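As stored in structure.csv (CSV, N, CA and C atoms):
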chain,number,residue,atom,x,y,z
A,1337,MET,N,1.0,18.9,-0.2
A,1337,MET,CA,1.2,17.7,0.7
A,1337,MET,C,2.5,17.8,1.5
A,1338,GLY,N,2.5,17.1,2.6
A,1338,GLY,CA,3.7,17.1,3.5
A,1338,GLY,C,4.8,16.1,3.0
A,1339,GLY,N,5.8,16.0,3.8
A,1339,GLY,CA,6.9,15.1,3.5
A,1339,GLY,C,6.5,13.6,3.9
A,1340,PRO,N,7.5,12.7,3.9
A,1340,PRO,CA,7.2,11.3,4.2
A,1340,PRO,C,6.6,11.2,5.6
A,1341,VAL,N,5.8,10.2,5.7
A,1341,VAL,CA,5.1,9.9,7.0
A,1341,VAL,C,6.0,8.8,7.7
A,1342,GLN,N,6.4,9.0,8.9
A,1342,GLN,CA,7.1,8.0,9.7
A,1342,GLN,C,6.1,7.1,10.4
A,1343,SER,N,6.4,5.8,10.4
A,1343,SER,CA,5.4,4.9,11.0
A,1343,SER,C,6.2,3.7,11.5
A,1344,ASP,N,5.7,3.1,12.6
A,1344,ASP,CA,6.2,1.9,13.1
A,1344,ASP,C,5.5,0.7,12.6
A,1345,ILE,N,4.6,0.8,11.6
A,1345,ILE,CA,3.9,-0.3,11.0
A,1345,ILE,C,4.7,-1.1,10.1
A,1346,ASP,N,4.7,-2.4,10.3
A,1346,ASP,CA,5.4,-3.3,9.4
A,1346,ASP,C,4.7,-3.3,8.1
A,1347,PRO,N,5.4,-2.9,7.0
A,1347,PRO,CA,4.7,-2.9,5.7
A,1347,PRO,C,4.0,-4.2,5.3
A,1348,ARG,N,4.6,-5.3,5.7
A,1348,ARG,CA,4.0,-6.6,5.3
A,1348,ARG,C,2.6,-6.8,5.9
A,1349,SER,N,2.4,-6.1,7.1
A,1349,SER,CA,1.1,-6.2,7.7
A,1349,SER,C,0.0,-5.5,6.9
A,1350,LEU,N,0.3,-4.7,5.9
A,1350,LEU,CA,-0.6,-4.0,5.1
A,1350,LEU,C,-1.2,-4.8,4.0
A,1351,ILE,N,-0.5,-5.9,3.6
A,1351,ILE,CA,-0.9,-6.7,2.5
A,1351,ILE,C,-2.3,-7.4,2.9
A,1352,GLY,N,-3.2,-7.3,2.0
A,1352,GLY,CA,-4.6,-7.9,2.3
A,1352,GLY,C,-5.5,-6.9,2.9
A,1353,ARG,N,-5.1,-5.7,3.3
A,1353,ARG,CA,-5.9,-4.7,4.0
A,1353,ARG,C,-6.6,-3.8,2.9
A,1354,ARG,N,-7.7,-3.2,3.3
A,1354,ARG,CA,-8.4,-2.3,2.4
A,1354,ARG,C,-7.6,-1.1,2.0
A,1355,ALA,N,-7.6,-0.7,0.8
A,1355,ALA,CA,-7.0,0.6,0.4
A,1355,ALA,C,-8.1,1.6,0.1
A,1356,LEU,N,-7.9,2.8,0.7
A,1356,LEU,CA,-9.0,3.8,0.5
A,1356,LEU,C,-8.4,5.0,-0.2
A,1357,ASP,N,-9.3,5.7,-0.9
A,1357,ASP,CA,-8.9,6.9,-1.6
A,1357,ASP,C,-8.9,8.1,-0.6
A,1358,LYS,N,-8.6,9.3,-1.0
A,1358,LYS,CA,-8.5,10.4,0.0
A,1358,LYS,C,-9.8,10.8,0.6
A,1359,ASP,N,-11.0,10.3,0.0
A,1359,ASP,CA,-12.3,10.6,0.6
A,1359,ASP,C,-12.8,9.4,1.4
A,1360,GLY,N,-12.0,8.4,1.6
A,1360,GLY,CA,-12.4,7.2,2.4
A,1360,GLY,C,-13.1,6.1,1.7
A,1361,THR,N,-13.2,6.2,0.4
A,1361,THR,CA,-13.9,5.2,-0.4
A,1361,THR,C,-13.0,4.1,-0.7
A,1362,LYS,N,-13.4,2.8,-0.5
A,1362,LYS,CA,-12.6,1.7,-0.8
A,1362,LYS,C,-12.3,1.6,-2.3
A,1363,ILE,N,-11.0,1.5,-2.6
A,1363,ILE,CA,-10.6,1.4,-4.0
A,1363,ILE,C,-10.0,0.0,-4.3
A,1364,GLY,N,-9.8,-0.8,-3.3
A,1364,GLY,CA,-9.2,-2.2,-3.5
A,1364,GLY,C,-8.6,-2.7,-2.3
A,1365,THR,N,-7.7,-3.7,-2.5
A,1365,THR,CA,-7.0,-4.4,-1.5
A,1365,THR,C,-5.5,-4.3,-1.7
A,1366,VAL,N,-4.7,-4.0,-0.7
A,1366,VAL,CA,-3.2,-3.9,-0.9
A,1366,VAL,C,-2.7,-5.3,-1.2
A,1367,ASP,N,-2.0,-5.3,-2.4
A,1367,ASP,CA,-1.5,-6.6,-2.9
A,1367,ASP,C,0.0,-6.7,-2.6
A,1368,GLU,N,0.8,-5.6,-2.7
A,1368,GLU,CA,2.2,-5.6,-2.5
A,1368,GLU,C,2.6,-4.3,-1.9
A,1369,VAL,N,3.6,-4.2,-1.1
A,1369,VAL,CA,4.2,-3.0,-0.6
A,1369,VAL,C,5.7,-3.0,-1.0
A,1370,TYR,N,6.1,-1.9,-1.7
A,1370,TYR,CA,7.4,-1.8,-2.2
A,1370,TYR,C,8.2,-0.8,-1.4
A,1371,LEU,N,9.4,-1.2,-1.0
A,1371,LEU,CA,10.3,-0.4,-0.1
A,1371,LEU,C,11.3,0.3,-0.9
A,1372,ASP,N,11.7,1.5,-0.4
A,1372,ASP,CA,12.8,2.3,-0.9
A,1372,ASP,C,14.1,1.5,-0.7
A,1373,ASP,N,14.9,1.3,-1.7
A,1373,ASP,CA,16.2,0.5,-1.6
A,1373,ASP,C,17.1,1.2,-0.6
A,1374,ALA,N,17.2,2.5,-0.6
A,1374,ALA,CA,18.2,3.2,0.3
A,1374,ALA,C,17.7,3.2,1.7
A,1375,THR,N,16.4,3.5,2.0
A,1375,THR,CA,16.0,3.7,3.4
A,1375,THR,C,15.3,2.5,4.0
A,1376,GLY,N,14.7,1.6,3.1
A,1376,GLY,CA,13.9,0.5,3.6
A,1376,GLY,C,12.5,0.9,4.0
A,1377,SER,N,12.1,2.2,3.8
A,1377,SER,CA,10.8,2.7,4.1
A,1377,SER,C,9.8,2.4,3.0
A,1378,PRO,N,8.6,2.2,3.3
A,1378,PRO,CA,7.6,1.9,2.3
A,1378,PRO,C,7.6,3.1,1.3
A,1379,GLU,N,7.6,2.8,0.0
A,1379,GLU,CA,7.7,3.8,-1.1
A,1379,GLU,C,6.3,3.9,-1.8
A,1380,TRP,N,5.7,2.7,-2.1
A,1380,TRP,CA,4.5,2.7,-2.8
A,1380,TRP,C,3.9,1.3,-2.7
A,1381,ALA,N,2.6,1.2,-3.1
A,1381,ALA,CA,1.9,-0.1,-3.0
A,1381,ALA,C,1.1,-0.4,-4.2
A,1382,ALA,N,1.0,-1.7,-4.5
A,1382,ALA,CA,0.2,-2.2,-5.6
A,1382,ALA,C,-1.2,-2.5,-5.0
A,1383,VAL,N,-2.3,-2.0,-5.6
A,1383,VAL,CA,-3.6,-2.3,-5.0
A,1383,VAL,C,-4.4,-3.1,-6.0
A,1384,ARG,N,-5.0,-4.2,-5.6
A,1384,ARG,CA,-5.8,-5.1,-6.4
A,1384,ARG,C,-7.2,-4.4,-6.4
A,1385,THR,N,-7.6,-4.0,-7.6
A,1385,THR,CA,-8.9,-3.3,-7.7
A,1385,THR,C,-10.0,-4.2,-8.2
A,1386,GLY,N,-9.7,-5.4,-8.7
A,1386,GLY,CA,-10.7,-6.3,-9.2
A,1386,GLY,C,-10.1,-7.7,-9.1
A,1387,LEU,N,-10.8,-8.7,-9.7
A,1387,LEU,CA,-10.3,-10.1,-9.6
A,1387,LEU,C,-8.9,-10.3,-10.2
A,1388,PHE,N,-8.6,-9.6,-11.3
A,1388,PHE,CA,-7.3,-9.9,-12.0
A,1388,PHE,C,-6.5,-8.6,-12.3
A,1389,THR,N,-7.0,-7.4,-11.7
A,1389,THR,CA,-6.3,-6.2,-12.0
A,1389,THR,C,-5.7,-5.5,-10.8
A,1390,ARG,N,-4.5,-4.9,-11.1
A,1390,ARG,CA,-3.9,-4.1,-10.0
A,1390,ARG,C,-3.2,-2.9,-10.5

Translate the structure described by the file into structure tokens.
Amino acid sequence: MGGPVQSDIDPRSLIGRRALDKDGTKIGTVDEVYLDDATGSPEWAAVRTGLFTR
């Protein structure tokens, strides 16, 4: 895999959007986006995969 991906997307705009696996299959909905404390860049996301699971 490559290094970090640079993007002008506001991480908050990802909340509520579909999360897909590497094959393009929907795995859930983005519930939270966590930022790197040092850089402010998106580091990882919590994905809601069911009614009460993430």

Using only N, CA and C atoms, which residues sit within 8 Å of A:Ala1355 once same-chain residues fewer than 3 positions away are excluded, as a VMD selection string?
chain A and resid 1352 1358 1360 to 1367 1383 to 1384

Could you name the residues that touch A:Val1369 at 7 Å or less, counting all atoms listed in the file, but leaving out those on the same chain fewer than 5 positions away, as a list in words?
Pro1347, Arg1348, Ile1351, Pro1378, Glu1379, Trp1380, Ala1381 and Ala1382 of chain A

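Interatomic distance, atom C of A:Glu1368 against atom N of A:Leu1350: 8.1 Å.
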
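Between atom CA of A:Arg1353 and atom C of A:Asp1373 the separation is 24.2 Å.
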